[in-house]
Amino acid sequence: MVELVLDAGALLGESPRWSAAEARLYWVDIDSFRIHRTDPATGTDEVMQLDQPVGCVALRAGGGLVTAMQDHCALIDAWGAMPRAFGPDILADKSEQRFNDGCVDAAGRLWVGSLTSDKANPQATLYRLDPDGTLTTIFGGLTTSNGAAFSPDGRIFYHADTPTHRIDAWDHDPETGAVGGKRTFHQFEQGNGRPDGAAVDAEGCYWSALWDGWRVVRLSPAGELLQTVDLPVQRPTMIAFGGDDLSTAFVTSAGKNLTDAERAAQPHAGGVFSFRVDVPGMPQPMFGG
């Protein structure tokens, strides 16, 4: 049963990350320039207001957060502290782009992609930010980089360019961070939702939030559809696992650009939702920088 955790009214809720130490869910509202820290047990929600879009967030091994901002990545040393730039401002001369979805691998590296508003020219790119601040280009030719996640053994990297309606799988070398052997993992039909953010559970199944699809789905390691969870919002954006047993799924959503009729049909658009799962998620690695 899907429950409303927080009626946040986010414009573009994204990047849920569970902190086991705090029993809190971190997430961002990209278009409101905010990082949230929510206590699902009480509904208490703390907000950190920034001065530019924040595409994604992840916990750091030494405490604090790593974030991908408009055109650069940044470190936040403690809740409420000002972000400090980390690594190159790679998108500074690309006004049509901003950073978007990301995830951390087992080696503590942040994989983060961009999106472009110039849809006719797919020049968005996936990067890897290492703990020493080195930023490596992984691959380009994208419109909206999304769905980044790793298999439990770290040897498969999943990724979606949302407008293609397709999730790809890549072979991944956990030691070097190199990828290759791209193949289609799952192709969704047009007009029934597009793959946005994702997470992998302990059985290696890939959960995808479907933008404009009113649902999240669970795909087997072979890419077969195993489960569908319907949601009361049109635009779920990303899923994460949390709680004491990592068996609570948290889903962020977006409330922007809805018509009056669409908004009336989904009064909790932009909220954070949860439901229980039979197979727990994986503990999320922390950024090493």
# chains A, B, ... in the order shown; residues from 1 in each chain; ligands from 1

$ residues_around --residues "stretch 287-289 of chain A" --least-positions-apart "3" --cutoff "7 Å" --atoms "only C-alpha atoms" --output "PyMOL selection string"
chain A and resi 58-61+104+108-110+131-132

$ closest_atom_pairs --of "stretch 193-244 of chain A" --to "stretch 277-283 of chain A" --cutoff "7 Å" --atoms "only C-alpha atoms" --output "tab-separated table"
residue	atom	partner	partner_atom	distance
A:Val200	CA	A:Gly281	CA	6.5
A:Asp201	CA	A:Gly281	CA	3.9
A:Ala202	CA	A:Gly281	CA	5.3
A:Phe241	CA	A:Gly281	CA	5.2

$ closest_atom_pairs --of "stretch 10-122 of chain A" --to "stretch 138-142 of chain A" --cutoff "10 Å" --atoms "only C-alpha atoms" --output "JSON lines"
{"residue": "A:Trp111", "atom": "CA", "partner": "A:Ile138", "partner_atom": "CA", "distance": 8.9}
{"residue": "A:Val112", "atom": "CA", "partner": "A:Ile138", "partner_atom": "CA", "distance": 9.7}
{"residue": "A:Gly113", "atom": "CA", "partner": "A:Leu142", "partner_atom": "CA", "distance": 8.9}
{"residue": "A:Ser114", "atom": "CA", "partner": "A:Leu142", "partner_atom": "CA", "distance": 8.2}
{"residue": "A:Leu115", "atom": "CA", "partner": "A:Leu142", "partner_atom": "CA", "distance": 7.3}
{"residue": "A:Thr116", "atom": "CA", "partner": "A:Leu142", "partner_atom": "CA", "distance": 8.1}
{"residue": "A:Lys119", "atom": "CA", "partner": "A:Leu142", "partner_atom": "CA", "distance": 9.3}
{"residue": "A:Asn121", "atom": "CA", "partner": "A:Gly141", "partner_atom": "CA", "distance": 8.3}
{"residue": "A:Pro122", "atom": "CA", "partner": "A:Leu142", "partner_atom": "CA", "distance": 4.8}

$ residues_around --residues "A:Asp77" --least-positions-apart "5" --cutoff "9 Å" --atoms "only C-alpha atoms" --output "list in words"
Arg60, Gly62, Gly63, Gly64, Leu65, Val66, Met82, Pro83 and Arg84 of chain A

$ select_by_dssp --residues "stretch 107-193 of chain A" --states "strand (DSSP E or B)" --output "MDAnalysis selection string"
chainID A and resid 110:116 124:129 135:142 144:150 156:161 166:172 179:187

$ residues_around --residues "A:Leu50" --least-positions-apart "6" --cutoff "8 Å" --atoms "only C-alpha atoms" --output "list in words"
Phe33, Arg34 and Ile35 of chain A

$ write_last_selection --atoms "all heavy atoms" --output "JSON list (two decimals), in the first residue's frame"
[["chain", "number", "residue", "atom", "x", "y", "z"],
["A", 33, "PHE", "N", 15.75, 24.86, -5.87],
["A", 33, "PHE", "CA", 17.11, 25.04, -5.35],
["A", 33, "PHE", "C", 17.21, 24.59, -3.89],
["A", 33, "PHE", "O", 17.88, 25.23, -3.07],
["A", 33, "PHE", "CB", 17.57, 26.50, -5.44],
["A", 33, "PHE", "CG", 17.43, 27.16, -6.79],
["A", 33, "PHE", "CD1", 17.70, 28.52, -6.92],
["A", 33, "PHE", "CD2", 17.04, 26.47, -7.92],
["A", 33, "PHE", "CE1", 17.59, 29.15, -8.15],
["A", 33, "PHE", "CE2", 16.93, 27.09, -9.16],
["A", 33, "PHE", "CZ", 17.21, 28.44, -9.27],
["A", 34, "ARG", "N", 16.61, 23.45, -3.57],
["A", 34, "ARG", "CA", 16.54, 23.04, -2.16],
["A", 34, "ARG", "C", 16.99, 21.60, -1.97],
["A", 34, "ARG", "O", 16.75, 20.74, -2.81],
["A", 34, "ARG", "CB", 15.10, 23.16, -1.64],
["A", 34, "ARG", "CG", 14.58, 24.57, -1.55],
["A", 34, "ARG", "CD", 13.09, 24.59, -1.23],
["A", 34, "ARG", "NE", 12.58, 25.95, -1.12],
["A", 34, "ARG", "CZ", 11.30, 26.27, -1.10],
["A", 34, "ARG", "NH1", 10.39, 25.30, -1.18],
["A", 34, "ARG", "NH2", 10.93, 27.53, -1.02],
["A", 35, "ILE", "N", 17.65, 21.38, -0.82],
["A", 35, "ILE", "CA", 17.91, 20.03, -0.32],
["A", 35, "ILE", "C", 17.03, 19.82, 0.90],
["A", 35, "ILE", "O", 16.96, 20.68, 1.78],
["A", 35, "ILE", "CB", 19.39, 19.85, 0.06],
["A", 35, "ILE", "CG1", 20.30, 20.10, -1.15],
["A", 35, "ILE", "CG2", 19.62, 18.44, 0.62],
["A", 35, "ILE", "CD1", 21.78, 20.08, -0.79]]
